[in-house]
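Written below as structure tokens is the structure these notes are about.
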Amino acid sequence: MKTPIAFFLVLSALLFTIGTVGVLVRRNALVIFMSIELQLNAVNLTLIAFSRQLGEVDGQVLAFFSMVVAAAEVVVGLAIIVAIFRRRVSANVDEVSLLKW
Amino acid sequence: MDLVVFWIMAPVSIGAAVLMLFQRNAVYAALFLILNQFTLAVFFVLLDAHFLAAVQVIVYAGAIMVLFLFVMMFLGVDRREALAETIPGQRWLAVGLGLLLAAGVVLAVGLGVGLARAPGPPPGGDNIRAVARVLFTDYVFPFELTSILLILAAVAAMVLARRKGRGLPDLEADAVSEPERAP
């Protein structure tokens with residue numbers, strides 16, 4: 001028997017929530033980034049589940065593009081973290097408050 | 001069969017994500033995230049997205065997480081994270097709002113899709129061929145744009161992470177640092 005699509009959607013919702021809580025709770029910039037990756041992955045799962053439901057591959061192409069954008073985002077984000085680390089010697093986001101009024 | 005695989009992998013997936021959240025050590029968190037991404041690749045196979053399952057393993061679990069681990073080793077971020085809350089009650093508020101978000105999305109799925117509706121028969125034919133056909137006909141322009149995006153990201157990363165003035169040959173170092181010294 002095929003798994004109902006809604007199971008995947010609920011699982012994806014739970015993973016997205018865990019990622020959101022991770023972004024809000026953690027202080028380490030790298031772990032926050034990983035939580036964002038988790039959110040992106042959860043959304044990819046949703047896209048592919050809907051693509052399966054509708055019988056079209058457009059959703060899969062969209063998930064593919066989101067993976068490419070995630071890769072680019074990670075590269076630039078990690079470069080920014082490295083640049084901040086060079087100045088501050090810390091990956092704690094609370095200490096990066098240069099632009100805070 | 002599908003359902004059995006789903007019910008085995010779903011707890012692993014959620015468990016890996018939760019454990020990632022609770023790891024103090026960023027390297028362990030990254031390893032749990034890799035486990036989570038492998039389970040997602042299994043779900044992609046269950047959903048007949050074979051191409052994306054391969055991409056998930058190669059790009060996410062392979063390239064991106066290796067990049068994360070590389071940066072971690074490079075920076076040596078194995079120190080303890082500060083546990084004091086900057087905003088009082090932020091942690092519980094975050095968990096509470098997260099549960100609300102989950103409840104809202106699950107409710108939306110239940111109302112919009114129906115919780116027990118099985119999908120139709122799998123689309124016949126080769127998944128990779130179908131994806132390639134759509135990607136190189138309907139989405140060929142966005143596809144080309146992503147190549148520009150990747151090149152831009154690579155150049156941006158090099159510019160951002162470069163150590164200024166050091167590690168370059170003398171002539172170039174002078175040329176680079178001279179404008180900075182000028183008033």
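Residues are named by chain letter and number: chains run A, B, ... in the order of the structure tokens, numbers start at 1 in each chain, and ligands are numbered from 1 in the order shown.
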Check: which chain A residues lie within 7 Å of chain B using only C-alpha atoms, as a PyMOL selection string
chain A and resi 1-6+9-10+13-15+17-18+20-22+24-25+27-28+31+49+52-53+55+57+61+64+71-72+75-76+79-80+82-83
Go ahead and dump the residues you just picked, C-alpha atoms, as an mmCIF file, in the first residue's frame.
```
data_model
loop_
_atom_site.group_PDB
_atom_site.id
_atom_site.type_symbol
_atom_site.label_atom_id
_atom_site.label_comp_id
_atom_site.auth_asym_id
_atom_site.auth_seq_id
_atom_site.Cartn_x
_atom_site.Cartn_y
_atom_site.Cartn_z
ATOM 1 C CA MET A 1 0.000 0.000 0.000
ATOM 2 C CA LYS A 2 1.267 3.472 -0.856
ATOM 3 C CA THR A 3 1.887 5.874 1.992
ATOM 4 C CA PRO A 4 -0.671 8.692 2.107
ATOM 5 C CA ILE A 5 0.805 12.007 1.010
ATOM 6 C CA ALA A 6 -0.405 13.680 4.196
ATOM 7 C CA LEU A 9 3.367 16.593 4.803
ATOM 8 C CA VAL A 10 2.944 16.168 8.561
ATOM 9 C CA ALA A 13 5.777 20.176 9.142
ATOM 10 C CA LEU A 14 7.381 18.624 12.232
ATOM 11 C CA LEU A 15 10.873 18.879 10.751
ATOM 12 C CA THR A 17 9.087 23.245 13.324
ATOM 13 C CA ILE A 18 12.203 21.650 14.810
ATOM 14 C CA THR A 20 12.401 26.929 13.473
ATOM 15 C CA VAL A 21 12.862 26.216 17.177
ATOM 16 C CA GLY A 22 16.535 25.548 16.496
ATOM 17 C CA LEU A 24 15.229 30.637 17.787
ATOM 18 C CA VAL A 25 16.936 28.752 20.603
ATOM 19 C CA ARG A 27 23.311 30.718 19.762
ATOM 20 C CA ASN A 28 26.030 29.085 17.725
ATOM 21 C CA VAL A 31 24.032 25.411 14.390
ATOM 22 C CA ALA A 49 5.188 15.106 -1.840
ATOM 23 C CA ARG A 52 3.869 13.036 -6.331
ATOM 24 C CA GLN A 53 0.268 13.822 -5.450
ATOM 25 C CA GLY A 55 1.657 13.444 -10.845
ATOM 26 C CA VAL A 57 7.552 16.669 -12.005
ATOM 27 C CA VAL A 61 12.313 20.747 -10.476
ATOM 28 C CA PHE A 64 16.051 20.972 -7.325
ATOM 29 C CA ALA A 71 24.068 25.442 -1.685
ATOM 30 C CA ALA A 72 24.841 29.023 -2.743
ATOM 31 C CA VAL A 75 28.660 28.972 0.790
ATOM 32 C CA VAL A 76 28.131 32.703 1.291
ATOM 33 C CA ALA A 79 32.160 32.731 4.342
ATOM 34 C CA ILE A 80 30.450 35.464 6.380
ATOM 35 C CA VAL A 82 34.473 32.832 8.824
ATOM 36 C CA ALA A 83 34.938 36.576 8.246
#
```
For Gly59 of chain A, find every residue with an atom within 8 Å (counting only C-alpha atoms), except residues of its own chain fewer than 5 positions away, and show them as an mmCIF file with N, CA and C atoms, in the first residue's frame.
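Written output follows (around39.cif):
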```
data_model
loop_
_atom_site.group_PDB
_atom_site.id
_atom_site.type_symbol
_atom_site.label_atom_id
_atom_site.label_comp_id
_atom_site.auth_asym_id
_atom_site.auth_seq_id
_atom_site.Cartn_x
_atom_site.Cartn_y
_atom_site.Cartn_z
ATOM 1 N N LEU A 47 7.469 19.875 -1.206
ATOM 2 C CA LEU A 47 7.377 20.081 -2.658
ATOM 3 C C LEU A 47 7.304 18.746 -3.392
ATOM 4 N N ILE A 48 8.152 17.801 -2.974
ATOM 5 C CA ILE A 48 8.192 16.519 -3.687
ATOM 6 C C ILE A 48 6.941 15.706 -3.401
ATOM 7 N N PHE A 50 3.954 16.938 -2.852
ATOM 8 C CA PHE A 50 2.877 17.485 -3.689
ATOM 9 C C PHE A 50 3.089 17.137 -5.153
ATOM 10 N N SER A 51 4.361 17.098 -5.556
ATOM 11 C CA SER A 51 4.649 16.722 -6.929
ATOM 12 C C SER A 51 4.159 15.296 -7.207
#
```
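Comparing the minimum interatomic distances between Met9 of chain B and each of B:Arg129, B:Phe38, B:Val66, B:Gly89, counting only C-alpha atoms, we find that B:Phe38 sits nearest.
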As a ChimeraX atom specification, please: every residue in segment 4-173 of chain B that a backbone DSSP assignment puts in alpha helix (DSSP H).
/B:4-22,26-46,50-55,65-75,90-112,127-137,140-161,170-173
Would you save the residues of that selection, restricted to C-alpha atoms, as an mmCIF file, in the first residue's frame?
```cif
data_model
loop_
_atom_site.group_PDB
_atom_site.id
_atom_site.type_symbol
_atom_site.label_atom_id
_atom_site.label_comp_id
_atom_site.auth_asym_id
_atom_site.auth_seq_id
_atom_site.Cartn_x
_atom_site.Cartn_y
_atom_site.Cartn_z
ATOM 1 C CA VAL B 4 6.685 -0.057 6.769
ATOM 2 C CA VAL B 5 9.655 1.863 5.403
ATOM 3 C CA PHE B 6 7.930 5.142 6.217
ATOM 4 C CA TRP B 7 7.199 4.174 9.810
ATOM 5 C CA ILE B 8 10.760 3.001 10.319
ATOM 6 C CA MET B 9 12.369 6.079 8.826
ATOM 7 C CA ALA B 10 10.013 8.761 10.172
ATOM 8 C CA PRO B 11 11.000 8.307 13.861
ATOM 9 C CA VAL B 12 14.657 8.186 12.826
ATOM 10 C CA SER B 13 14.216 11.422 10.912
ATOM 11 C CA ILE B 14 12.436 13.264 13.725
ATOM 12 C CA GLY B 15 14.807 11.806 16.314
ATOM 13 C CA ALA B 16 17.876 12.910 14.389
ATOM 14 C CA ALA B 17 16.443 16.428 14.037
ATOM 15 C CA VAL B 18 15.610 16.669 17.754
ATOM 16 C CA LEU B 19 19.018 15.327 18.758
ATOM 17 C CA MET B 20 20.613 17.891 16.446
ATOM 18 C CA LEU B 21 18.756 20.549 18.397
ATOM 19 C CA PHE B 22 20.038 19.327 21.760
ATOM 20 C CA ALA B 26 28.343 21.541 16.789
ATOM 21 C CA VAL B 27 30.147 18.616 15.140
ATOM 22 C CA TYR B 28 27.701 16.095 16.622
ATOM 23 C CA ALA B 29 24.836 18.323 15.513
ATOM 24 C CA ALA B 30 26.202 18.234 11.968
ATOM 25 C CA LEU B 31 26.433 14.430 12.063
ATOM 26 C CA PHE B 32 22.810 14.147 13.199
ATOM 27 C CA LEU B 33 21.791 16.508 10.428
ATOM 28 C CA ILE B 34 23.540 14.216 7.921
ATOM 29 C CA LEU B 35 21.525 11.281 9.302
ATOM 30 C CA ASN B 36 18.362 13.336 8.911
ATOM 31 C CA GLN B 37 19.234 14.127 5.301
ATOM 32 C CA PHE B 38 19.805 10.462 4.518
ATOM 33 C CA THR B 39 16.347 9.632 5.837
ATOM 34 C CA LEU B 40 14.941 12.414 3.665
ATOM 35 C CA ALA B 41 16.613 10.768 0.655
ATOM 36 C CA VAL B 42 14.746 7.572 1.572
ATOM 37 C CA PHE B 43 11.472 9.521 1.635
ATOM 38 C CA PHE B 44 12.279 10.960 -1.787
ATOM 39 C CA VAL B 45 12.661 7.406 -3.111
ATOM 40 C CA LEU B 46 9.300 6.501 -1.541
ATOM 41 C CA HIS B 50 14.792 9.059 -7.657
ATOM 42 C CA PHE B 51 16.869 11.829 -9.184
ATOM 43 C CA LEU B 52 16.366 14.133 -6.220
ATOM 44 C CA ALA B 53 17.178 11.326 -3.796
ATOM 45 C CA ALA B 54 20.575 11.001 -5.458
ATOM 46 C CA VAL B 55 21.029 14.781 -5.472
ATOM 47 C CA MET B 65 27.652 19.048 5.237
ATOM 48 C CA VAL B 66 31.311 18.479 4.411
ATOM 49 C CA LEU B 67 31.559 22.230 3.934
ATOM 50 C CA PHE B 68 29.984 22.723 7.368
ATOM 51 C CA LEU B 69 32.350 20.259 9.008
ATOM 52 C CA PHE B 70 35.273 21.813 7.178
ATOM 53 C CA VAL B 71 34.415 25.268 8.521
ATOM 54 C CA MET B 72 33.953 23.821 12.017
ATOM 55 C CA MET B 73 37.359 22.181 11.967
ATOM 56 C CA PHE B 74 38.828 25.320 10.445
ATOM 57 C CA LEU B 75 37.427 27.601 13.123
ATOM 58 C CA GLN B 90 13.057 33.099 25.221
ATOM 59 C CA ARG B 91 13.644 29.342 25.154
ATOM 60 C CA TRP B 92 10.206 28.312 26.416
ATOM 61 C CA LEU B 93 8.541 30.950 24.299
ATOM 62 C CA ALA B 94 10.347 29.563 21.241
ATOM 63 C CA VAL B 95 9.283 25.991 22.045
ATOM 64 C CA GLY B 96 5.681 27.075 22.693
ATOM 65 C CA LEU B 97 5.446 29.066 19.492
ATOM 66 C CA GLY B 98 7.060 26.180 17.621
ATOM 67 C CA LEU B 99 4.395 23.782 18.902
ATOM 68 C CA LEU B 100 1.725 26.285 17.845
ATOM 69 C CA LEU B 101 3.297 26.457 14.386
ATOM 70 C CA ALA B 102 3.370 22.660 14.109
ATOM 71 C CA ALA B 103 -0.263 22.401 15.224
ATOM 72 C CA GLY B 104 -1.268 25.044 12.701
ATOM 73 C CA VAL B 105 0.493 23.377 9.786
ATOM 74 C CA VAL B 106 -0.799 19.903 10.685
ATOM 75 C CA LEU B 107 -4.309 21.324 10.944
ATOM 76 C CA ALA B 108 -3.870 22.961 7.528
ATOM 77 C CA VAL B 109 -2.726 19.632 6.054
ATOM 78 C CA GLY B 110 -5.687 17.851 7.627
ATOM 79 C CA LEU B 111 -8.167 20.402 6.296
ATOM 80 C CA GLY B 112 -6.566 20.916 2.906
ATOM 81 C CA ASN B 127 11.730 9.741 -13.326
ATOM 82 C CA ILE B 128 15.143 11.078 -14.331
ATOM 83 C CA ARG B 129 14.074 11.395 -17.953
ATOM 84 C CA ALA B 130 10.876 13.200 -16.968
ATOM 85 C CA VAL B 131 12.760 15.651 -14.716
ATOM 86 C CA ALA B 132 15.352 16.302 -17.404
ATOM 87 C CA ARG B 133 12.683 16.954 -20.017
ATOM 88 C CA VAL B 134 10.909 19.534 -17.858
ATOM 89 C CA LEU B 135 14.173 21.057 -16.616
ATOM 90 C CA PHE B 136 15.632 21.619 -20.065
ATOM 91 C CA THR B 137 12.463 22.787 -21.782
ATOM 92 C CA VAL B 140 15.806 26.190 -19.076
ATOM 93 C CA PHE B 141 16.103 29.920 -18.337
ATOM 94 C CA PRO B 142 15.986 29.564 -14.525
ATOM 95 C CA PHE B 143 18.397 26.656 -14.916
ATOM 96 C CA GLU B 144 20.912 28.900 -16.663
ATOM 97 C CA LEU B 145 20.368 31.563 -14.018
ATOM 98 C CA THR B 146 21.336 29.109 -11.296
ATOM 99 C CA SER B 147 24.748 28.719 -12.943
ATOM 100 C CA ILE B 148 25.260 32.482 -12.625
ATOM 101 C CA LEU B 149 24.112 32.268 -9.007
ATOM 102 C CA LEU B 150 26.621 29.519 -8.226
ATOM 103 C CA ILE B 151 29.497 31.420 -9.827
ATOM 104 C CA LEU B 152 28.511 34.561 -7.918
ATOM 105 C CA ALA B 153 28.358 32.585 -4.669
ATOM 106 C CA ALA B 154 31.792 31.075 -5.267
ATOM 107 C CA VAL B 155 33.340 34.481 -6.024
ATOM 108 C CA ALA B 156 31.560 36.077 -3.054
ATOM 109 C CA ALA B 157 32.796 33.359 -0.715
ATOM 110 C CA MET B 158 36.363 33.845 -1.902
ATOM 111 C CA VAL B 159 36.153 37.624 -1.456
ATOM 112 C CA LEU B 160 34.559 37.366 1.994
ATOM 113 C CA ALA B 161 36.813 34.684 3.436
ATOM 114 C CA ASP B 170 54.399 40.651 -2.230
ATOM 115 C CA LEU B 171 53.595 42.632 -5.352
ATOM 116 C CA GLU B 172 49.926 41.770 -5.217
ATOM 117 C CA ALA B 173 49.782 42.323 -1.464
#
```
Within 8 Å of Val74 of chain A using only C-alpha atoms, minus same-chain residues under 4 positions, as a ChimeraX atom specification
/A:33,70,78 /B:64
Rounded to one decimal, what separation in Å do you get between atom CA of Ile81 of chain A and atom CA of Arg26 of chain A?
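Computing the Euclidean distance for atom CA of Ile81 of chain A and atom CA of Arg26 of chain A yields 15.3 Å.
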